[in-house]
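First comes the structure, then the notes that go with it.
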Amino acid sequence: MSTALNLRDAATFPSRRTEAWKYSDLRRHLRDAPEPSPTVEIDTAGPFDGMGGDLVAFANGAAQGPDAFVAKGEQTLRLRFVSDASGTGHTAQVDVAARAGARLLLLESHEGRGSAYVAHNQIALHIAGGAEVTRVVLVEEPADAISIAEADVRVEAGGVFRQTVVVTGAKLQRFETRVMHFAQGAHVRMDGVYVLDGSRQSDLTSTVRHLAADGATSQLIKGVAGDTARGVFQGKIVVERGADGTDARMAHHALIAGERAEIDAKPELIIYADDVQCAHGNTVGTLDESALFYMQQRGIPEGEARALLTQAFLIEVVDRIEHDAARETVREWLTARL
C-alpha cells in the first residue's frame with residue numbers, strides 16, 4: 001500500500017495544509033489516535049448477498065476468513081467492510097488480483113452502525129493483461145463516523161478496469177482510488193455518485209496515471225448535496241511522457257439542493273505527451289424549476305417531484321454499469337435513499 005495514513009499514529013493524519021486533503025481536513029476532526037475497535041461478528045446481510053459468489057469480509061478491521069483473493073476465469077467476489085463500533089478506530093487491508101483472462105465482478109460494500117468510529121479500509125487490486133474487473137461499491141455509514149477508503153489499482157497492458165461507487169457521506173468520508181494505467185489497449189472507467197443530506201460530507205478523489213501509449217480513461221461523477229452537506233470531487237489524470245495516443249475524458253456534474261450546501265470540485269489534466277485526446281468538464285447547479293413546476297401541476301407532490309428529478313439526474317451513472325444484476329441492485333439501493 002502506498003498510503004502513509006496510520007490510525008495508530010496521529011502524526012500521519014493529514015490536514016488542509018496537505019494539498020490532496022485540502023477539502024477533507026482529517027486532523028480537524030481527529031487529533032489523537034483512536035482506541036482500537038473491539039472484536040465483533042457480522043450478523044447482518046450485505047446489499048449484494050443475493051448475487052452469490054465468493055465472500056471476503058472484515059468486521060472492525062478483522063478478517064472473517066481469508067484476507068486476499070485471486071480471480072481465475074469468470075468469478076464474483078463480495079467484499080464487505082463492516083463497522084460496528086462507538087468512538088474507536090480500525091483498519092482493514094485486502095489484496096485482490098485478477099489473472100490473465102479473468103472476468104471478475106467485485107461487489108464491495110462499506111457498512112456501518114454504531115457512532116463516532118473511524119474506519120480506514122485499504123485495497124490493493126492487480127489486474128493482469130487481458131483481465132477484466134468490474135468494481136461496484138456501495139458506502140453507507142453513520143452521520144458522525146469518519147470513513148476513509150483507499151484503493152491502489154494496477155492495470156497491466158491490455159487490462160480493463162470499470163468502477164462505479166455510490167456514497168451517502170458521513171462526518172468526514174473520503175473514497176480515494178489511485179490507478180497505474182499501463183495502457184497499450186487497457187481501458188479504465190471510473191464513475192461515482194454522491195447523495196448527501198444533513199451535515200454529511202463525502203470526498204471522491206481519484207488519480208489515474210497513463211504510463212504507456214494507447215490507453216483510454218473515462219470518468220463520470222454526479223452528485224447532489226442538500227441541507228448543509230458538502231460534496232467534494234478531486235479528479236486527476238496524468239499523461240506521462242511516451243503515453244501518446246491517450247484518450248482521457250473526465251466530467252463532474254452536481255446539484256445543490258440546499259441554500260447552505262457546498263460543492264467543491266477540482267478536475268485536473270496533466271499532460272506530458274503529444275498526440276492525445278483529453279478533456280474535462282465541471283458544472284454545479286440546481287434542479288430545473290420549470291420541470292418541477294410542470295410535475296406539480298400534474299398532481300405530483302413537491303417532495304416526490306424533487307426525488308424523481310434527482311433520480312433522473314443521477315441514474316445516468318448507474319446505467320453505465322454493464323452487469324445487469326449489479327446495475328439493478330444499485331438502482332434500487334440508490335432510489336431508496338433519495
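Each chain in the C-alpha cells gets a letter, A, B, ..., in the order shown, and its residues are numbered from 1; ligands are numbered from 1 in order too.
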
Taking the DSSP secondary structure from the backbone, can you list the residues of stretch 78-131 of chain A that are strand (DSSP E or B), as a VMD selection string? chain A and resid 78 to 86 88 to 98 103 to 115 118 to 127

Limited to C-alpha atoms, could you put the picked residues into a file as a compact mmCIF listing (two decimals), in the first residue's frame?
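Now in result_10.txt:
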```txt
# COMPACT_ATOMS: atom_id res chain seq x y z
CA ARG A 78 -18.48 -9.93 -2.47
CA LEU A 79 -16.14 -7.77 -0.41
CA ARG A 80 -17.69 -6.48 2.82
CA PHE A 81 -16.21 -3.94 5.24
CA VAL A 82 -18.49 -3.87 8.28
CA SER A 83 -18.04 -1.37 11.12
CA ASP A 84 -19.88 -1.82 14.42
CA ALA A 85 -18.20 0.45 16.95
CA SER A 86 -18.55 3.60 19.01
CA THR A 88 -12.99 3.63 18.36
CA GLY A 89 -10.96 3.04 15.18
CA HIS A 90 -9.95 0.16 12.96
CA THR A 91 -8.06 -0.59 9.74
CA ALA A 92 -8.62 -3.34 7.16
CA GLN A 93 -6.30 -4.39 4.34
CA VAL A 94 -7.08 -6.73 1.46
CA ASP A 95 -5.30 -7.84 -1.72
CA VAL A 96 -7.30 -8.78 -4.82
CA ALA A 97 -5.78 -9.97 -8.10
CA ALA A 98 -7.27 -10.92 -11.46
CA ARG A 103 -13.50 -11.76 -15.58
CA LEU A 104 -14.09 -10.55 -12.02
CA LEU A 105 -17.24 -8.86 -10.73
CA LEU A 106 -16.15 -7.20 -7.47
CA LEU A 107 -19.17 -6.23 -5.36
CA GLU A 108 -17.94 -4.11 -2.47
CA SER A 109 -19.85 -2.64 0.45
CA HIS A 110 -18.82 -0.42 3.35
CA GLU A 111 -21.48 -0.84 6.03
CA GLY A 112 -21.57 0.94 9.35
CA ARG A 113 -23.53 1.08 12.57
CA GLY A 114 -22.68 2.50 15.95
CA SER A 115 -21.36 6.03 16.26
CA VAL A 118 -13.02 5.79 12.48
CA ALA A 119 -12.73 3.24 9.65
CA HIS A 120 -9.74 3.00 7.32
CA ASN A 121 -10.12 0.40 4.57
CA GLN A 122 -7.32 -0.30 2.10
CA ILE A 123 -7.43 -2.35 -1.09
CA ALA A 124 -4.66 -3.40 -3.44
CA LEU A 125 -6.05 -4.54 -6.81
CA HIS A 126 -3.85 -6.02 -9.55
CA ILE A 127 -5.40 -6.54 -12.99
```

Quick one: contact table of stretch 106-198 of chain A to stretch 308-322 of chain A, 9 Å max, nearest atom pair and distance in Å to one decimal per residue, counting only C-alpha atoms, chain and number order, as JSON lines?
```
{"residue": "A:Thr134", "atom": "CA", "partner": "A:Ile321", "partner_atom": "CA", "distance": 8.4}
{"residue": "A:Val136", "atom": "CA", "partner": "A:Ile321", "partner_atom": "CA", "distance": 8.2}
{"residue": "A:Arg162", "atom": "CA", "partner": "A:Ile321", "partner_atom": "CA", "distance": 8.3}
{"residue": "A:Gln163", "atom": "CA", "partner": "A:Ile321", "partner_atom": "CA", "distance": 8.4}
{"residue": "A:Thr164", "atom": "CA", "partner": "A:Ile321", "partner_atom": "CA", "distance": 7.2}
{"residue": "A:Val166", "atom": "CA", "partner": "A:Val318", "partner_atom": "CA", "distance": 8.9}
{"residue": "A:Asp191", "atom": "CA", "partner": "A:Val317", "partner_atom": "CA", "distance": 6.6}
{"residue": "A:Gly192", "atom": "CA", "partner": "A:Val317", "partner_atom": "CA", "distance": 6.9}
{"residue": "A:Val193", "atom": "CA", "partner": "A:Leu314", "partner_atom": "CA", "distance": 7.0}
{"residue": "A:Tyr194", "atom": "CA", "partner": "A:Leu314", "partner_atom": "CA", "distance": 8.9}
```

Just want the 12 Å neighbourhood of A:Thr168, counted on only C-alpha atoms, with same-chain residues fewer than 6 positions away dropped. Output as number ranges by chain. A: 110-112, 137-143, 145, 147, 174-175, 192-204, 223-226, 229-231, 333-334, 336-338

Could you please take those selected residues and save N, CA and C atoms as a CSV table (one decimal), in the first residue's frame?
```
chain,number,residue,atom,x,y,z
A,110,HIS,N,-19.3,-1.0,2.1
A,110,HIS,CA,-18.8,-0.4,3.3
A,110,HIS,C,-20.1,-0.1,4.2
A,111,GLU,N,-20.2,-0.9,5.3
A,111,GLU,CA,-21.5,-0.8,6.0
A,111,GLU,C,-21.2,-0.5,7.5
A,112,GLY,N,-21.9,0.5,8.0
A,112,GLY,CA,-21.6,0.9,9.4
A,112,GLY,C,-22.8,1.1,10.2
A,137,VAL,N,-19.4,-0.4,-5.9
A,137,VAL,CA,-19.2,-0.1,-4.4
A,137,VAL,C,-20.4,0.7,-3.9
A,138,LEU,N,-20.9,0.2,-2.8
A,138,LEU,CA,-21.9,1.0,-2.0
A,138,LEU,C,-21.4,1.3,-0.7
A,139,VAL,N,-21.5,2.6,-0.3
A,139,VAL,CA,-21.0,3.0,1.0
A,139,VAL,C,-22.1,3.7,1.8
A,140,GLU,N,-22.4,3.2,3.0
A,140,GLU,CA,-23.4,3.8,3.9
A,140,GLU,C,-23.0,3.7,5.3
A,141,GLU,N,-22.8,4.8,6.0
A,141,GLU,CA,-22.3,4.8,7.3
A,141,GLU,C,-23.0,5.9,8.2
A,142,PRO,N,-22.8,5.8,9.5
A,142,PRO,CA,-23.5,6.8,10.3
A,142,PRO,C,-23.0,8.3,10.1
A,143,ALA,N,-23.9,9.2,10.4
A,143,ALA,CA,-23.6,10.6,10.1
A,143,ALA,C,-22.4,11.2,10.9
A,145,ALA,N,-19.6,9.3,11.8
A,145,ALA,CA,-18.5,8.5,11.6
A,145,ALA,C,-17.4,9.2,10.7
A,147,SER,N,-14.7,8.0,7.8
A,147,SER,CA,-14.5,6.8,6.9
A,147,SER,C,-13.6,7.2,5.8
A,174,ARG,N,-14.0,9.9,2.9
A,174,ARG,CA,-13.1,10.0,1.7
A,174,ARG,C,-13.0,8.7,1.0
A,175,PHE,N,-13.3,8.7,-0.3
A,175,PHE,CA,-13.1,7.4,-1.0
A,175,PHE,C,-12.2,7.8,-2.2
A,192,GLY,N,-18.9,7.7,-10.4
A,192,GLY,CA,-19.3,7.8,-9.0
A,192,GLY,C,-20.5,8.6,-8.8
A,193,VAL,N,-21.2,8.4,-7.7
A,193,VAL,CA,-22.4,9.2,-7.3
A,193,VAL,C,-22.3,9.5,-5.8
A,194,TYR,N,-22.6,10.7,-5.4
A,194,TYR,CA,-22.8,11.0,-4.0
A,194,TYR,C,-24.1,11.7,-3.8
A,195,VAL,N,-24.8,11.2,-2.7
A,195,VAL,CA,-26.1,11.7,-2.3
A,195,VAL,C,-26.0,12.1,-0.9
A,196,LEU,N,-26.0,13.4,-0.6
A,196,LEU,CA,-25.7,13.9,0.8
A,196,LEU,C,-26.8,14.8,1.3
A,197,ASP,N,-27.1,14.5,2.6
A,197,ASP,CA,-28.1,15.4,3.3
A,197,ASP,C,-27.5,15.7,4.7
A,198,GLY,N,-28.3,16.5,5.5
A,198,GLY,CA,-27.9,16.8,6.8
A,198,GLY,C,-26.6,17.6,6.7
A,199,SER,N,-25.6,17.3,7.6
A,199,SER,CA,-24.3,17.9,7.6
A,199,SER,C,-23.2,16.9,7.1
A,200,ARG,N,-23.6,15.9,6.3
A,200,ARG,CA,-22.7,14.9,5.8
A,200,ARG,C,-21.7,15.5,4.8
A,201,GLN,N,-20.6,14.9,4.7
A,201,GLN,CA,-19.6,15.3,3.7
A,201,GLN,C,-19.0,14.0,3.1
A,202,SER,N,-18.8,14.1,1.8
A,202,SER,CA,-18.1,13.0,1.1
A,202,SER,C,-17.1,13.6,0.1
A,203,ASP,N,-16.0,12.9,0.0
A,203,ASP,CA,-14.9,13.3,-0.9
A,203,ASP,C,-14.5,12.2,-1.8
A,204,LEU,N,-14.8,12.3,-3.1
A,204,LEU,CA,-14.4,11.3,-4.1
A,204,LEU,C,-13.2,11.8,-4.8
A,223,GLY,N,-23.4,14.2,-8.4
A,223,GLY,CA,-23.8,14.2,-7.0
A,223,GLY,C,-24.8,15.3,-6.7
A,224,VAL,N,-25.4,15.1,-5.5
A,224,VAL,CA,-26.4,16.1,-5.0
A,224,VAL,C,-26.1,16.3,-3.5
A,225,ALA,N,-26.1,17.6,-3.1
A,225,ALA,CA,-25.9,17.9,-1.7
A,225,ALA,C,-27.1,18.8,-1.2
A,226,GLY,N,-27.7,18.4,-0.2
A,226,GLY,CA,-28.8,19.2,0.4
A,226,GLY,C,-28.4,19.7,1.8
A,229,ALA,N,-24.9,19.9,3.7
A,229,ALA,CA,-23.9,18.9,3.3
A,229,ALA,C,-22.9,19.5,2.4
A,230,ARG,N,-21.8,18.7,2.2
A,230,ARG,CA,-20.7,19.2,1.4
A,230,ARG,C,-20.2,18.0,0.5
A,231,GLY,N,-20.2,18.2,-0.8
A,231,GLY,CA,-19.7,17.2,-1.7
A,231,GLY,C,-18.4,17.7,-2.3
A,333,TRP,N,-31.0,0.4,-4.6
A,333,TRP,CA,-30.3,0.9,-3.4
A,333,TRP,C,-30.3,2.4,-3.4
A,334,LEU,N,-30.0,3.0,-4.5
A,334,LEU,CA,-29.9,4.5,-4.6
A,334,LEU,C,-31.3,5.1,-4.5
A,336,ALA,N,-33.9,4.1,-3.0
A,336,ALA,CA,-34.5,4.0,-1.6
A,336,ALA,C,-33.9,5.1,-0.8
A,337,ARG,N,-32.8,5.8,-1.2
A,337,ARG,CA,-32.1,6.8,-0.4
A,337,ARG,C,-32.3,8.2,-0.9
A,338,LEU,N,-33.2,8.3,-1.9
A,338,LEU,CA,-33.5,9.7,-2.4
A,338,LEU,C,-34.7,10.3,-1.7
```

Interatomic distance (Å, one decimal) between atom CA of A:Lys222 and atom CA of A:Thr207: 17.2 Å

If you run DSSP on the backbone, which residues of stretch 2-166 of chain A are helix (DSSP H, G or I), as a PyMOL selection string? chain A and resi 10-12+19-21+26-29+49-51

Written file, previous selection with N, CA, C and O atoms, as a compact mmCIF listing (two decimals), in the first residue's frame:
```txt
# COMPACT_ATOMS: atom_id res chain seq x y z
N ALA A 10 -1.02 9.55 15.22
CA ALA A 10 -1.69 10.81 14.92
C ALA A 10 -0.83 11.74 14.08
O ALA A 10 -1.35 12.63 13.39
N ALA A 11 0.48 11.55 14.10
CA ALA A 11 1.37 12.41 13.32
C ALA A 11 1.16 12.20 11.81
O ALA A 11 1.57 13.05 11.02
N THR A 12 0.55 11.11 11.41
CA THR A 12 0.31 10.84 9.99
C THR A 12 -1.02 11.39 9.50
O THR A 12 -1.31 11.30 8.31
N GLU A 19 -2.10 19.42 0.23
CA GLU A 19 -2.91 19.81 -0.92
C GLU A 19 -3.98 18.78 -1.26
O GLU A 19 -5.14 19.12 -1.54
N ALA A 20 -3.62 17.51 -1.26
CA ALA A 20 -4.58 16.47 -1.64
C ALA A 20 -5.72 16.31 -0.63
O ALA A 20 -6.73 15.69 -0.93
N TRP A 21 -5.55 16.89 0.56
CA TRP A 21 -6.56 16.77 1.62
C TRP A 21 -7.13 18.14 1.99
O TRP A 21 -7.72 18.30 3.05
N LEU A 26 -8.66 15.95 7.96
CA LEU A 26 -8.80 14.87 8.93
C LEU A 26 -8.34 15.32 10.32
O LEU A 26 -8.97 14.99 11.32
N ARG A 27 -7.26 16.07 10.38
CA ARG A 27 -6.73 16.48 11.69
C ARG A 27 -7.72 17.37 12.45
O ARG A 27 -7.74 17.37 13.68
N ARG A 28 -8.54 18.08 11.73
CA ARG A 28 -9.55 18.92 12.39
C ARG A 28 -10.54 18.07 13.18
O ARG A 28 -11.00 18.45 14.26
N HIS A 29 -10.86 16.89 12.65
CA HIS A 29 -11.85 16.03 13.29
C HIS A 29 -11.22 14.97 14.18
O HIS A 29 -11.90 14.38 15.03
N ASP A 49 -25.74 -9.65 -1.11
CA ASP A 49 -25.79 -11.06 -0.72
C ASP A 49 -26.58 -11.91 -1.70
O ASP A 49 -26.28 -13.09 -1.88
N GLY A 50 -27.59 -11.33 -2.33
CA GLY A 50 -28.42 -12.11 -3.24
C GLY A 50 -27.74 -12.47 -4.55
O GLY A 50 -28.31 -13.23 -5.35
N MET A 51 -26.52 -11.98 -4.76
CA MET A 51 -25.84 -12.22 -6.03
C MET A 51 -24.80 -13.33 -5.96
O MET A 51 -24.13 -13.62 -6.94
```

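If you look at atom CA of A:Pro34 and atom CA of A:Tyr117, they are 8.4 Å away from each other.
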